[in-house]
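Trainee: Pasting in a structure now, in structure tokens, and then I'll have a few things to ask.
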Amino acid sequence: MPTILCLSALLCLTQIPPDFRDRDRHPLAPSLPLLTKDESKKIDTVIERFIQYDIGVLKGAEGKKALDDFNNLGPEATFNLVHGLNRTANIQSSCPAVIIAKKLASIYLMTEDLQLLGYSKDLIGIGVTGKRHLGVIRDLQTNILLRKGYLQRKALVGGGTKSYAELESAINKGTIAQKKAALTEAEKRQGPKAIGVLLMGIASLDAELSQWSRGLLDKNLQRESADSLKLLMKDKRKDARLAAVSAVSAKKLRLGSELIDLLLDPEIEVREASRQAIVRMANGRDFGPESSANVGEREAAVMRWRAWWKTGK
């Protein structure tokens with residue numbers, strides 16, 4: 001087993017801070033939050049200060065803080081760490097590359113994100129021409145392949161590799177247990193096809209299974225981006241629009257314009273959910289419409305909300 005993998009088990013892996021859990025997901029790795037430019041820049045600064053500490057430029061209390069800040073970086077810093085590794089691996093006398101590689105190994109050892117592993121494998125070593133740390137690079141790439149292989153074998157044993165056609169067939173024709181297994185597998189995936197499978201469960205005539213599927217869809221949509229939720233808010237399926245509104249509200253996304261549009265939705269459930277979501281966004285301010293409002297009253301309420309969204313927010 002590569003040395004880095006053994007050493008990585010000794011590292012303390014910092015979890016994603018709670019305030020990152022409601023973030024949009026990184027487009028290359030759904031287990032990671034999508035950071036702002038400022039947040040990414042701050043992480044790069046932490047990594048750079050650690051490098052300065054490790055090569056002896058930062059000393060004393062300032063050096064200790066640089067080390068502590070580096071140790072406190074969590075999985076959200078993965079891609080920044082990869083870039084830092086590639087840069088320091090080209091410094092022939094550099095030791096930071098080894099430490100950064102160990103930290104990355106600890107992250108990969110714990111992740112179940114196959115996309116993160118795949119993209120990391122491709123990124124690690126890009127631009128590295130120095131020979132001293134090529135062994136470190138190869139060890140880390142091997143660790144990634146081992147972890148990826150383990151997760152794929154685990155999915156295969158657990159029945160986690162079914163096609164969407166197989167999942168849909170199980171929901172249409174399977175027993176309750178088989179339907180729940182298919183829905184559970186779909187929840188772990190992302191994208192329109194996974195959402196479609198979960199919506200099939202919601203449409204079930206079995207009230208318990210329908211409610212259970214709704215909970216899985218709500219959980220699934222917490223990992224979707226704001227752009228994906230915007231599209232889902234315009235979906236022709238009522239349950240898709242309802243779930244999207246619920247996710248937007250839970251994630252506290254500022255999609256006021258889209259919520260206001262849904263106040264004219266043909267389905268009363270969608271209108272009511274959208275109204276509740278935007279009232280929460282407005283800290284209790286409520287411009288209607290009432291559930292019993294006619295078309296004219298709904299349109300008037302929408303005008304009031306649009307005026308508020310444009311000037312008040």
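Labels for the structure tokens follow display order: chains A, B, ..., residues from 1 in each chain, ligands from 1.
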Quick one: residues within 9 Å of A:Val248, only C-alpha atoms counted, chain neighbours fewer than 2 positions away excluded, as a PyMOL selection string?
Mentor: chain A and resi 221-222+226+229-230+243-246+250-255+259+277
Trainee: Those selected residues, please, written with C-alpha atoms and delivered as a compact mmCIF listing (two decimals), in the first residue's frame.
Mentor:
```txt
# COMPACT_ATOMS: atom_id res chain seq x y z
CA LEU A 221 -32.58 18.65 -4.29
CA GLN A 222 -30.49 20.02 -1.43
CA ALA A 226 -29.61 27.29 -8.04
CA LEU A 229 -33.70 24.53 -9.29
CA LYS A 230 -34.68 27.44 -11.51
CA ALA A 243 -40.14 20.18 -4.60
CA ALA A 244 -38.10 22.91 -6.25
CA VAL A 245 -39.89 25.62 -4.26
CA SER A 246 -39.29 23.65 -1.06
CA ALA A 250 -34.77 25.49 2.61
CA LYS A 251 -31.53 26.64 0.97
CA LYS A 252 -32.55 30.30 1.43
CA LEU A 253 -31.81 31.08 -2.20
CA ARG A 254 -32.68 34.57 -3.37
CA LEU A 255 -34.86 33.49 -6.27
CA LEU A 259 -41.09 32.48 -6.79
CA ALA A 277 -41.46 30.78 0.57
```
Trainee: Using Å and a single decimal, report how far atom CA of A:Leu231 sits from atom CA of A:Glu166.
Mentor: 25.9 Å
Trainee: Need the shell around A:Ser274: protein/DNA/RNA residues with any atom at most 9 Å away, counting only C-alpha atoms. Skip same-chain ones fewer than 3 positions apart. Format as a PDB file with C-alpha atoms, in the first residue's frame?
Mentor:
```pdb
ATOM      1  CA  LEU A 242     -43.401  21.930  -5.486  1.00  0.00           C
ATOM      2  CA  VAL A 245     -39.893  25.618  -4.256  1.00  0.00           C
ATOM      3  CA  SER A 246     -39.293  23.653  -1.058  1.00  0.00           C
ATOM      4  CA  SER A 249     -36.835  27.962   0.578  1.00  0.00           C
ATOM      5  CA  LEU A 259     -41.088  32.484  -6.790  1.00  0.00           C
ATOM      6  CA  ILE A 260     -43.229  35.480  -7.718  1.00  0.00           C
ATOM      7  CA  ASP A 261     -43.889  33.983 -11.158  1.00  0.00           C
ATOM      8  CA  LEU A 262     -45.216  30.839  -9.478  1.00  0.00           C
ATOM      9  CA  LEU A 263     -47.876  32.850  -7.670  1.00  0.00           C
ATOM     10  CA  GLU A 269     -50.523  23.916  -3.988  1.00  0.00           C
ATOM     11  CA  VAL A 270     -47.672  25.458  -5.960  1.00  0.00           C
ATOM     12  CA  ARG A 271     -49.077  28.956  -5.515  1.00  0.00           C
ATOM     13  CA  ALA A 277     -41.461  30.785   0.566  1.00  0.00           C
ATOM     14  CA  ILE A 278     -41.375  34.407  -0.523  1.00  0.00           C
ATOM     15  CA  VAL A 279     -43.044  35.586   2.688  1.00  0.00           C
TER      16      VAL A 279
END
```
Trainee: Given only C-alpha atoms as the basis, pick out the residue of A:Val98, A:Leu199, A:Ile124, A:Leu145 nearest to A:Arg237.
Mentor: A:Leu199
Trainee: So which residues of stretch 84-291 of chain A fall under helix (DSSP H, G or I) by DSSP, listed as a CSV table (one decimal) with N, CA and C atoms, in the first residue's frame?
Mentor:
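So the final result, stored in selection.csv, reads:
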```
chain,number,residue,atom,x,y,z
A,84,GLY,N,-1.9,23.8,-5.2
A,84,GLY,CA,-0.8,24.1,-4.4
A,84,GLY,C,0.3,22.9,-4.5
A,85,LEU,N,-0.2,21.7,-4.6
A,85,LEU,CA,0.7,20.6,-4.7
A,85,LEU,C,1.4,20.6,-6.0
A,86,ASN,N,0.7,20.9,-7.1
A,86,ASN,CA,1.4,21.0,-8.4
A,86,ASN,C,2.5,22.0,-8.4
A,87,ARG,N,2.2,23.2,-7.8
A,87,ARG,CA,3.1,24.3,-7.8
A,87,ARG,C,4.4,23.9,-6.9
A,88,THR,N,4.2,23.4,-5.7
A,88,THR,CA,5.3,23.1,-4.8
A,88,THR,C,6.1,21.9,-5.3
A,96,PRO,N,6.9,21.2,1.4
A,96,PRO,CA,5.4,21.4,1.5
A,96,PRO,C,4.6,20.4,0.6
A,97,ALA,N,5.2,20.1,-0.6
A,97,ALA,CA,4.5,19.2,-1.5
A,97,ALA,C,4.1,17.9,-0.8
A,98,VAL,N,5.0,17.3,0.0
A,98,VAL,CA,4.8,16.1,0.7
A,98,VAL,C,3.6,16.2,1.7
A,99,ILE,N,3.6,17.3,2.5
A,99,ILE,CA,2.6,17.6,3.5
A,99,ILE,C,1.2,17.8,2.8
A,100,ILE,N,1.2,18.6,1.7
A,100,ILE,CA,0.0,18.8,1.0
A,100,ILE,C,-0.6,17.5,0.5
A,101,ALA,N,0.3,16.7,-0.1
A,101,ALA,CA,-0.1,15.4,-0.6
A,101,ALA,C,-0.8,14.5,0.5
A,102,LYS,N,-0.2,14.6,1.7
A,102,LYS,CA,-0.7,13.8,2.8
A,102,LYS,C,-2.1,14.3,3.1
A,103,LYS,N,-2.3,15.6,3.1
A,103,LYS,CA,-3.6,16.1,3.4
A,103,LYS,C,-4.7,15.7,2.4
A,104,LEU,N,-4.3,15.8,1.1
A,104,LEU,CA,-5.1,15.4,0.1
A,104,LEU,C,-5.5,13.9,0.2
A,105,ALA,N,-4.5,13.1,0.5
A,105,ALA,CA,-4.7,11.7,0.7
A,105,ALA,C,-5.8,11.4,1.7
A,106,SER,N,-5.8,12.2,2.8
A,106,SER,CA,-6.8,12.0,3.9
A,106,SER,C,-8.2,12.3,3.4
A,107,ILE,N,-8.3,13.3,2.5
A,107,ILE,CA,-9.6,13.7,2.0
A,107,ILE,C,-10.1,12.6,1.1
A,108,TYR,N,-9.2,12.1,0.2
A,108,TYR,CA,-9.6,11.1,-0.7
A,108,TYR,C,-9.9,9.8,0.0
A,109,LEU,N,-9.3,9.5,1.1
A,109,LEU,CA,-9.5,8.3,1.9
A,109,LEU,C,-10.9,8.3,2.4
A,110,MET,N,-11.5,9.5,2.7
A,110,MET,CA,-12.8,9.6,3.3
A,110,MET,C,-14.0,9.8,2.3
A,114,LEU,N,-17.2,10.0,-6.5
A,114,LEU,CA,-16.4,9.4,-7.6
A,114,LEU,C,-16.0,10.5,-8.6
A,115,GLN,N,-16.8,11.6,-8.7
A,115,GLN,CA,-16.4,12.7,-9.6
A,115,GLN,C,-15.2,13.4,-9.1
A,116,LEU,N,-15.2,13.6,-7.8
A,116,LEU,CA,-14.1,14.3,-7.1
A,116,LEU,C,-12.8,13.5,-7.4
A,117,LEU,N,-12.9,12.2,-7.2
A,117,LEU,CA,-11.7,11.3,-7.4
A,117,LEU,C,-11.3,11.4,-8.9
A,118,GLY,N,-12.2,11.3,-9.8
A,118,GLY,CA,-11.9,11.3,-11.2
A,118,GLY,C,-11.2,12.6,-11.6
A,119,TYR,N,-11.8,13.7,-11.3
A,119,TYR,CA,-11.2,15.0,-11.7
A,119,TYR,C,-9.8,15.2,-11.0
A,120,SER,N,-9.7,14.8,-9.7
A,120,SER,CA,-8.5,15.0,-9.0
A,120,SER,C,-7.4,14.2,-9.7
A,121,LYS,N,-7.7,13.0,-10.0
A,121,LYS,CA,-6.7,12.1,-10.7
A,121,LYS,C,-6.1,12.8,-11.9
A,122,ASP,N,-7.0,13.5,-12.7
A,122,ASP,CA,-6.6,14.1,-13.9
A,122,ASP,C,-5.8,15.4,-13.6
A,123,LEU,N,-6.1,16.1,-12.6
A,123,LEU,CA,-5.5,17.4,-12.3
A,123,LEU,C,-4.1,17.3,-11.6
A,134,LEU,N,8.0,13.4,-8.1
A,134,LEU,CA,7.2,12.5,-8.9
A,134,LEU,C,6.7,11.3,-8.2
A,135,GLY,N,7.4,10.8,-7.3
A,135,GLY,CA,7.0,9.6,-6.5
A,135,GLY,C,5.8,9.9,-5.7
A,136,VAL,N,5.8,11.2,-5.1
A,136,VAL,CA,4.7,11.6,-4.3
A,136,VAL,C,3.4,11.8,-5.1
A,137,ILE,N,3.6,12.3,-6.3
A,137,ILE,CA,2.5,12.5,-7.3
A,137,ILE,C,1.9,11.1,-7.6
A,138,ARG,N,2.8,10.2,-8.0
A,138,ARG,CA,2.3,8.8,-8.4
A,138,ARG,C,1.6,8.1,-7.3
A,139,ASP,N,2.2,8.2,-6.0
A,139,ASP,CA,1.5,7.6,-4.9
A,139,ASP,C,0.1,8.1,-4.7
A,140,LEU,N,0.0,9.4,-4.8
A,140,LEU,CA,-1.4,10.0,-4.6
A,140,LEU,C,-2.3,9.6,-5.7
A,141,GLN,N,-1.9,9.5,-6.9
A,141,GLN,CA,-2.7,9.1,-8.0
A,141,GLN,C,-3.1,7.6,-7.8
A,142,THR,N,-2.2,6.8,-7.3
A,142,THR,CA,-2.5,5.4,-7.0
A,142,THR,C,-3.5,5.3,-5.9
A,143,ASN,N,-3.4,6.1,-4.8
A,143,ASN,CA,-4.4,6.1,-3.8
A,143,ASN,C,-5.8,6.4,-4.3
A,144,ILE,N,-5.9,7.4,-5.2
A,144,ILE,CA,-7.2,7.8,-5.8
A,144,ILE,C,-7.8,6.6,-6.5
A,145,LEU,N,-6.9,5.9,-7.3
A,145,LEU,CA,-7.4,4.7,-8.1
A,145,LEU,C,-7.9,3.6,-7.2
A,146,LEU,N,-7.2,3.4,-6.1
A,146,LEU,CA,-7.6,2.4,-5.1
A,146,LEU,C,-8.9,2.7,-4.5
A,147,ARG,N,-9.1,4.0,-4.1
A,147,ARG,CA,-10.3,4.4,-3.4
A,147,ARG,C,-11.5,4.3,-4.4
A,148,LYS,N,-11.2,4.8,-5.7
A,148,LYS,CA,-12.3,4.7,-6.7
A,148,LYS,C,-12.7,3.3,-6.9
A,149,GLY,N,-11.7,2.4,-7.0
A,149,GLY,CA,-12.0,1.0,-7.3
A,149,GLY,C,-12.8,0.4,-6.1
A,150,TYR,N,-12.5,0.8,-4.9
A,150,TYR,CA,-13.2,0.3,-3.7
A,150,TYR,C,-14.6,0.7,-3.7
A,151,LEU,N,-14.9,2.0,-4.1
A,151,LEU,CA,-16.2,2.5,-4.1
A,151,LEU,C,-17.0,1.8,-5.2
A,152,GLN,N,-16.4,1.6,-6.3
A,152,GLN,CA,-17.1,0.9,-7.4
A,152,GLN,C,-17.5,-0.5,-7.1
A,153,ARG,N,-16.6,-1.2,-6.4
A,153,ARG,CA,-16.9,-2.6,-6.0
A,153,ARG,C,-18.0,-2.6,-4.9
A,154,LYS,N,-17.9,-1.6,-4.0
A,154,LYS,CA,-18.9,-1.5,-3.0
A,154,LYS,C,-20.3,-1.3,-3.6
A,155,ALA,N,-20.4,-0.4,-4.6
A,155,ALA,CA,-21.6,-0.1,-5.3
A,155,ALA,C,-22.2,-1.3,-6.0
A,156,LEU,N,-21.3,-2.1,-6.6
A,156,LEU,CA,-21.7,-3.3,-7.3
A,156,LEU,C,-22.3,-4.3,-6.3
A,157,VAL,N,-21.6,-4.5,-5.2
A,157,VAL,CA,-22.1,-5.5,-4.2
A,157,VAL,C,-23.4,-5.1,-3.6
A,164,TYR,N,-31.0,3.5,-15.2
A,164,TYR,CA,-32.2,4.2,-14.9
A,164,TYR,C,-33.4,3.4,-15.4
A,165,ALA,N,-33.3,2.7,-16.5
A,165,ALA,CA,-34.4,1.8,-17.0
A,165,ALA,C,-34.7,0.8,-15.9
A,166,GLU,N,-33.7,0.2,-15.3
A,166,GLU,CA,-33.9,-0.8,-14.3
A,166,GLU,C,-34.6,-0.2,-13.0
A,167,LEU,N,-34.1,1.0,-12.7
A,167,LEU,CA,-34.8,1.7,-11.5
A,167,LEU,C,-36.2,1.9,-11.8
A,168,GLU,N,-36.5,2.4,-13.0
A,168,GLU,CA,-37.9,2.7,-13.4
A,168,GLU,C,-38.8,1.5,-13.4
A,169,SER,N,-38.2,0.4,-13.9
A,169,SER,CA,-38.9,-0.9,-13.9
A,169,SER,C,-39.2,-1.4,-12.5
A,170,ALA,N,-38.3,-1.2,-11.6
A,170,ALA,CA,-38.5,-1.7,-10.2
A,170,ALA,C,-39.6,-0.9,-9.6
A,171,ILE,N,-39.7,0.4,-9.9
A,171,ILE,CA,-40.8,1.2,-9.3
A,171,ILE,C,-42.1,0.9,-9.9
A,172,ASN,N,-42.1,0.5,-11.2
A,172,ASN,CA,-43.4,0.2,-11.9
A,172,ASN,C,-43.9,-1.2,-11.5
A,173,LYS,N,-43.0,-2.1,-11.4
A,173,LYS,CA,-43.4,-3.5,-11.2
A,173,LYS,C,-42.9,-4.2,-10.0
A,176,ILE,N,-42.8,-3.5,-2.7
A,176,ILE,CA,-42.5,-2.2,-2.0
A,176,ILE,C,-41.1,-2.1,-1.6
A,177,ALA,N,-40.5,-3.2,-1.2
A,177,ALA,CA,-39.1,-3.2,-0.8
A,177,ALA,C,-38.2,-2.9,-2.0
A,178,GLN,N,-38.5,-3.4,-3.2
A,178,GLN,CA,-37.7,-3.2,-4.4
A,178,GLN,C,-37.9,-1.7,-4.8
A,179,LYS,N,-39.1,-1.2,-4.7
A,179,LYS,CA,-39.3,0.2,-5.0
A,179,LYS,C,-38.6,1.1,-4.1
A,180,LYS,N,-38.6,0.8,-2.8
A,180,LYS,CA,-37.8,1.7,-1.9
A,180,LYS,C,-36.3,1.6,-2.2
A,181,ALA,N,-35.8,0.4,-2.5
A,181,ALA,CA,-34.4,0.3,-2.8
A,181,ALA,C,-34.0,1.1,-4.1
A,182,ALA,N,-34.9,1.0,-5.1
A,182,ALA,CA,-34.7,1.8,-6.3
A,182,ALA,C,-34.7,3.3,-6.1
A,183,LEU,N,-35.6,3.7,-5.3
A,183,LEU,CA,-35.8,5.1,-4.9
A,183,LEU,C,-34.6,5.6,-4.1
A,184,THR,N,-34.1,4.8,-3.2
A,184,THR,CA,-33.0,5.1,-2.4
A,184,THR,C,-31.7,5.3,-3.2
A,185,GLU,N,-31.6,4.4,-4.2
A,185,GLU,CA,-30.4,4.5,-5.1
A,185,GLU,C,-30.5,5.8,-5.9
A,186,ALA,N,-31.7,6.1,-6.4
A,186,ALA,CA,-31.9,7.3,-7.2
A,186,ALA,C,-31.6,8.5,-6.4
A,187,GLU,N,-31.9,8.5,-5.2
A,187,GLU,CA,-31.7,9.7,-4.3
A,187,GLU,C,-30.2,10.1,-4.3
A,192,PRO,N,-31.5,15.3,-13.9
A,192,PRO,CA,-32.9,15.1,-14.3
A,192,PRO,C,-33.4,13.7,-14.2
A,193,LYS,N,-32.6,12.7,-14.6
A,193,LYS,CA,-33.0,11.4,-14.6
A,193,LYS,C,-33.3,10.9,-13.2
A,194,ALA,N,-32.4,11.2,-12.2
A,194,ALA,CA,-32.6,10.8,-10.9
A,194,ALA,C,-33.9,11.5,-10.3
A,195,ILE,N,-34.1,12.7,-10.6
A,195,ILE,CA,-35.3,13.4,-10.2
A,195,ILE,C,-36.5,12.8,-10.8
A,196,GLY,N,-36.4,12.4,-12.0
A,196,GLY,CA,-37.6,11.7,-12.7
A,196,GLY,C,-38.0,10.5,-12.0
A,197,VAL,N,-37.0,9.7,-11.6
A,197,VAL,CA,-37.3,8.4,-10.9
A,197,VAL,C,-38.0,8.7,-9.5
A,198,LEU,N,-37.5,9.7,-8.8
A,198,LEU,CA,-38.1,10.1,-7.5
A,198,LEU,C,-39.5,10.6,-7.7
A,199,LEU,N,-39.8,11.3,-8.8
A,199,LEU,CA,-41.1,11.8,-9.1
A,199,LEU,C,-42.1,10.6,-9.4
A,200,MET,N,-41.5,9.6,-10.0
A,200,MET,CA,-42.4,8.4,-10.2
A,200,MET,C,-42.8,7.8,-8.9
A,201,GLY,N,-41.9,7.8,-7.9
A,201,GLY,CA,-42.3,7.3,-6.5
A,201,GLY,C,-43.4,8.2,-5.9
A,202,ILE,N,-43.3,9.5,-6.1
A,202,ILE,CA,-44.3,10.5,-5.5
A,202,ILE,C,-45.6,10.2,-6.2
A,207,ALA,N,-49.9,5.8,-0.6
A,207,ALA,CA,-49.7,7.1,0.1
A,207,ALA,C,-48.4,7.1,0.9
A,208,GLU,N,-48.1,6.0,1.5
A,208,GLU,CA,-46.8,6.0,2.3
A,208,GLU,C,-45.6,6.0,1.5
A,209,LEU,N,-45.6,5.3,0.3
A,209,LEU,CA,-44.5,5.3,-0.6
A,209,LEU,C,-44.3,6.7,-1.2
A,210,SER,N,-45.5,7.3,-1.6
A,210,SER,CA,-45.5,8.6,-2.2
A,210,SER,C,-44.8,9.7,-1.2
A,211,GLN,N,-45.2,9.6,0.0
A,211,GLN,CA,-44.7,10.6,1.0
A,211,GLN,C,-43.2,10.3,1.3
A,212,TRP,N,-42.9,9.0,1.3
A,212,TRP,CA,-41.5,8.6,1.5
A,212,TRP,C,-40.6,9.1,0.3
A,213,SER,N,-41.1,9.0,-0.9
A,213,SER,CA,-40.4,9.5,-2.1
A,213,SER,C,-40.2,11.0,-2.1
A,214,ARG,N,-41.3,11.7,-1.6
A,214,ARG,CA,-41.2,13.1,-1.5
A,214,ARG,C,-40.0,13.6,-0.6
A,215,GLY,N,-39.9,12.9,0.5
A,215,GLY,CA,-38.8,13.2,1.4
A,215,GLY,C,-37.4,12.9,0.8
A,216,LEU,N,-37.3,11.9,0.0
A,216,LEU,CA,-36.1,11.6,-0.7
A,216,LEU,C,-35.8,12.7,-1.7
A,217,LEU,N,-36.8,13.1,-2.4
A,217,LEU,CA,-36.6,14.2,-3.4
A,217,LEU,C,-36.2,15.5,-2.8
A,218,ASP,N,-36.8,15.8,-1.7
A,218,ASP,CA,-36.4,17.0,-0.9
A,218,ASP,C,-34.9,16.9,-0.5
A,219,LYS,N,-34.5,15.7,-0.1
A,219,LYS,CA,-33.1,15.5,0.3
A,219,LYS,C,-32.2,15.6,-0.9
A,220,ASN,N,-32.6,15.1,-2.0
A,220,ASN,CA,-31.8,15.1,-3.3
A,220,ASN,C,-31.6,16.5,-3.8
A,221,LEU,N,-32.6,17.3,-3.7
A,221,LEU,CA,-32.6,18.7,-4.3
A,221,LEU,C,-31.7,19.6,-3.5
A,226,ALA,N,-28.5,26.3,-7.9
A,226,ALA,CA,-29.6,27.3,-8.0
A,226,ALA,C,-30.1,27.3,-9.5
A,227,ASP,N,-29.2,27.1,-10.4
A,227,ASP,CA,-29.7,27.1,-11.8
A,227,ASP,C,-30.5,25.9,-12.1
A,228,SER,N,-30.2,24.7,-11.5
A,228,SER,CA,-31.0,23.5,-11.7
A,228,SER,C,-32.4,23.7,-11.1
A,229,LEU,N,-32.4,24.3,-9.9
A,229,LEU,CA,-33.7,24.5,-9.3
A,229,LEU,C,-34.6,25.5,-10.1
A,230,LYS,N,-33.9,26.5,-10.7
A,230,LYS,CA,-34.7,27.4,-11.5
A,230,LYS,C,-35.4,26.7,-12.6
A,231,LEU,N,-34.7,25.8,-13.3
A,231,LEU,CA,-35.3,25.0,-14.4
A,231,LEU,C,-36.4,24.1,-13.8
A,232,LEU,N,-36.2,23.6,-12.7
A,232,LEU,CA,-37.2,22.7,-12.1
A,232,LEU,C,-38.5,23.4,-11.7
A,238,LYS,N,-46.3,19.1,-11.6
A,238,LYS,CA,-46.6,19.8,-10.4
A,238,LYS,C,-45.7,19.5,-9.2
A,239,ASP,N,-45.4,18.2,-9.0
A,239,ASP,CA,-44.6,17.7,-7.9
A,239,ASP,C,-43.2,18.2,-8.0
A,240,ALA,N,-42.7,18.3,-9.3
A,240,ALA,CA,-41.3,18.9,-9.5
A,240,ALA,C,-41.3,20.3,-9.1
A,241,ARG,N,-42.3,21.1,-9.4
A,241,ARG,CA,-42.3,22.5,-9.1
A,241,ARG,C,-42.4,22.7,-7.6
A,242,LEU,N,-43.2,21.9,-6.9
A,242,LEU,CA,-43.4,21.9,-5.5
A,242,LEU,C,-42.1,21.6,-4.8
A,243,ALA,N,-41.4,20.6,-5.2
A,243,ALA,CA,-40.1,20.2,-4.6
A,243,ALA,C,-39.1,21.2,-4.8
A,244,ALA,N,-39.1,21.9,-6.0
A,244,ALA,CA,-38.1,22.9,-6.3
A,244,ALA,C,-38.3,24.1,-5.3
A,245,VAL,N,-39.6,24.5,-5.2
A,245,VAL,CA,-39.9,25.6,-4.3
A,245,VAL,C,-39.4,25.3,-2.8
A,246,SER,N,-39.7,24.1,-2.4
A,246,SER,CA,-39.3,23.7,-1.1
A,246,SER,C,-37.8,23.7,-0.9
A,247,ALA,N,-37.0,23.3,-1.9
A,247,ALA,CA,-35.6,23.3,-1.8
A,247,ALA,C,-35.1,24.8,-1.8
A,248,VAL,N,-35.6,25.6,-2.7
A,248,VAL,CA,-35.2,27.0,-2.7
A,248,VAL,C,-35.4,27.7,-1.4
A,249,SER,N,-36.6,27.4,-0.7
A,249,SER,CA,-36.8,28.0,0.6
A,249,SER,C,-35.9,27.4,1.6
A,250,ALA,N,-35.7,26.1,1.6
A,250,ALA,CA,-34.8,25.5,2.6
A,250,ALA,C,-33.3,26.0,2.5
A,256,GLY,N,-36.3,35.4,-5.8
A,256,GLY,CA,-37.6,36.0,-5.6
A,256,GLY,C,-38.4,36.1,-6.9
A,257,SER,N,-37.7,36.5,-8.0
A,257,SER,CA,-38.5,36.6,-9.3
A,257,SER,C,-39.1,35.3,-9.7
A,258,GLU,N,-38.4,34.2,-9.5
A,258,GLU,CA,-39.0,32.9,-9.9
A,258,GLU,C,-40.1,32.5,-9.0
A,259,LEU,N,-40.0,32.8,-7.7
A,259,LEU,CA,-41.1,32.5,-6.8
A,259,LEU,C,-42.3,33.3,-7.1
A,260,ILE,N,-42.1,34.6,-7.4
A,260,ILE,CA,-43.2,35.5,-7.7
A,260,ILE,C,-44.0,35.0,-9.0
A,261,ASP,N,-43.2,34.5,-10.0
A,261,ASP,CA,-43.9,34.0,-11.2
A,261,ASP,C,-44.8,32.8,-10.8
A,262,LEU,N,-44.4,32.0,-9.8
A,262,LEU,CA,-45.2,30.8,-9.5
A,262,LEU,C,-46.5,31.2,-8.7
A,263,LEU,N,-46.6,32.4,-8.3
A,263,LEU,CA,-47.9,32.9,-7.7
A,263,LEU,C,-49.0,32.8,-8.7
A,264,LEU,N,-48.7,32.7,-9.9
A,264,LEU,CA,-49.7,32.6,-11.0
A,264,LEU,C,-49.8,31.1,-11.5
A,268,ILE,N,-53.0,25.3,-7.2
A,268,ILE,CA,-53.1,26.0,-5.9
A,268,ILE,C,-52.0,25.6,-4.9
A,269,GLU,N,-51.6,24.3,-4.9
A,269,GLU,CA,-50.5,23.9,-4.0
A,269,GLU,C,-49.2,24.6,-4.3
A,270,VAL,N,-48.9,24.8,-5.6
A,270,VAL,CA,-47.7,25.5,-6.0
A,270,VAL,C,-47.8,26.9,-5.6
A,271,ARG,N,-48.9,27.5,-5.8
A,271,ARG,CA,-49.1,29.0,-5.5
A,271,ARG,C,-48.9,29.2,-4.0
A,272,GLU,N,-49.5,28.3,-3.2
A,272,GLU,CA,-49.4,28.5,-1.8
A,272,GLU,C,-48.0,28.3,-1.3
A,273,ALA,N,-47.3,27.3,-1.8
A,273,ALA,CA,-45.9,27.0,-1.4
A,273,ALA,C,-45.0,28.2,-1.8
A,274,SER,N,-45.2,28.7,-2.9
A,274,SER,CA,-44.4,29.8,-3.4
A,274,SER,C,-44.7,31.1,-2.5
A,275,ARG,N,-45.9,31.3,-2.2
A,275,ARG,CA,-46.3,32.4,-1.4
A,275,ARG,C,-45.6,32.3,0.0
A,276,GLN,N,-45.7,31.1,0.6
A,276,GLN,CA,-45.0,30.9,1.9
A,276,GLN,C,-43.5,31.1,1.8
A,277,ALA,N,-42.9,30.7,0.7
A,277,ALA,CA,-41.5,30.8,0.6
A,277,ALA,C,-41.0,32.2,0.4
A,278,ILE,N,-41.8,33.0,-0.3
A,278,ILE,CA,-41.4,34.4,-0.5
A,278,ILE,C,-41.7,35.3,0.7
A,279,VAL,N,-42.7,34.9,1.4
A,279,VAL,CA,-43.0,35.6,2.7
A,279,VAL,C,-41.9,35.4,3.7
A,280,ARG,N,-41.4,34.2,3.7
A,280,ARG,CA,-40.2,33.9,4.6
A,280,ARG,C,-39.0,34.8,4.1
A,281,MET,N,-38.8,34.9,2.8
A,281,MET,CA,-37.7,35.7,2.3
A,281,MET,C,-37.9,37.1,2.6
```
